[in-house]
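**Q** Below: one structure in structure tokens.
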Amino acid sequence: MPFSRVAIAHPVKGQPVRLEVQVPFNISFGTNLKIQTGDTDAGIAAPFVRCTPNGSFADFDIKDEMLEKLGAATGAGKLSFADPAAMT
């Protein structure tokens with residue numbers, strides 16, 4: 001089973017593009033998910049909106065500027081979130 005999934009939803013014309021991220025279901029809702037194109041990128045942060053037995057999800061509108069940055073990225077990006085077991 002994959003550790004995480006990232007999907008970009010291209011909606012109907014006139015609606016914003018959405019980014020959806022799925023991570024394991026055992027996360028801390030008190031922290032945001034953060035996506036960076038590299039260590040020097042400030043990235044974007046989003047709150048988790050729901051958890052199911054299949055995982056925890058963050059989804060949000062993504063601006064053209066960030067889409068371009070993600071498309072131009074080379075190398076490994078970074079996906080950060082908090083595991084409650086690691087916070088004790």
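In the structure tokens, the first chain shown is A, the next is B, and so on; residue numbers restart at 1 for each chain, and ligands run from 1 in the order shown.
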Got a sec: who's within 7 Å of Ser80 (chain A), counting only C-alpha atoms, leaving out chain neighbours fewer than 5 positions off, as an MDAnalysis selection string?
**A** chainID A and resid 33:35
**Q** Region 15-43 of chain A near region 60-63 of chain A within 8 Å: what's each residue's closest atom pair and its distance in Å to one decimal, counting only C-alpha atoms, ordered by chain then ascending residue number, as a Markdown table?
**A**
| residue | atom | partner | partner_atom | distance |
| --- | --- | --- | --- | --- |
| A:Pro16 | CA | A:Asp61 | CA | 6.0 |
| A:Val17 | CA | A:Ile62 | CA | 5.7 |
| A:Arg18 | CA | A:Asp61 | CA | 4.4 |
| A:Leu19 | CA | A:Phe60 | CA | 5.6 |
| A:Glu20 | CA | A:Phe60 | CA | 6.7 |
**Q** May I have the selected residues written with C-alpha atoms, as a PDB file, in the first residue's frame?
**A**
ATOM      1  CA  PRO A  16     -10.292  26.338  -9.382  1.00  0.00           C
ATOM      2  CA  VAL A  17      -7.873  23.442  -9.713  1.00  0.00           C
ATOM      3  CA  ARG A  18      -7.811  21.310  -6.539  1.00  0.00           C
ATOM      4  CA  LEU A  19      -4.990  19.367  -4.944  1.00  0.00           C
ATOM      5  CA  GLU A  20      -5.895  16.310  -2.865  1.00  0.00           C
TER       6      GLU A  20
END
**Q** Could you write out, as a count of residues only, all the residues of chain A that DSSP marks as alpha helix (DSSP H)?
**A** 9
**Q** So which residues touch Gly75 (chain A) within 12 Å, counting only C-alpha atoms, skipping near sequence neighbours fewer than 6 positions away, as a list in words?
**A**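 Final neighbour list, sorted by chain and number: Gln36, Thr37, Gly38 and Asp39 of chain A.
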**Q** Rank nothing, just name the residue among A:Gly55, A:Ala46, A:Ile8, A:Val23 nearest to Gly71 (chain A), using only C-alpha atoms.
**A**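 The closest residue to Gly71 (chain A) is A:Ile8.
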**Q** Show which residues sit within 8 Å of Asn32 (chain A), as a list in words. Count only C-alpha atoms, and ignore same-chain residues fewer than 5 positions away.
**A** Ala45, Ala46, Pro47, Phe48, Phe81 and Ala82 of chain A
**Q** Could you tell me how far CA of Thr40 (chain A) sits from CA of Met66 (chain A), in Å to one decimal place?
**A**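 Between these atoms lies a distance of 14.7 Å.
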**Q** CA of Leu70 (chain A) and CA of Arg50 (chain A), how far apart in Å?
**A**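 Here the two named atoms are 24.2 Å from each other.
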**Q** Go through A:Pro53, A:Ile44, A:Ala73, A:Leu79 and flag the residue nearest Val6 (chain A), using only C-alpha atoms for the distances.
**A**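 Smallest distance to Val6 (chain A) is found for A:Leu79.
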**Q** Could you pull out all residues of chain A with a DSSP call of strand (DSSP E) and give them as a ChimeraX atom specification?
**A** /A:5-9,18-23,33-36,44-46,50-52,55-61,78-80
**Q** So how many Å separate CA of Pro24 (chain A) and CA of His10 (chain A), to one decimal?
**A** 24.1 Å
**Q** Determine the nearest neighbour of Asn54 (chain A) from the options A:Ala76, A:Gly30, A:Phe3, A:Lys69, counting only C-alpha atoms.
**A**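 The closest residue to Asn54 (chain A) is A:Phe3.
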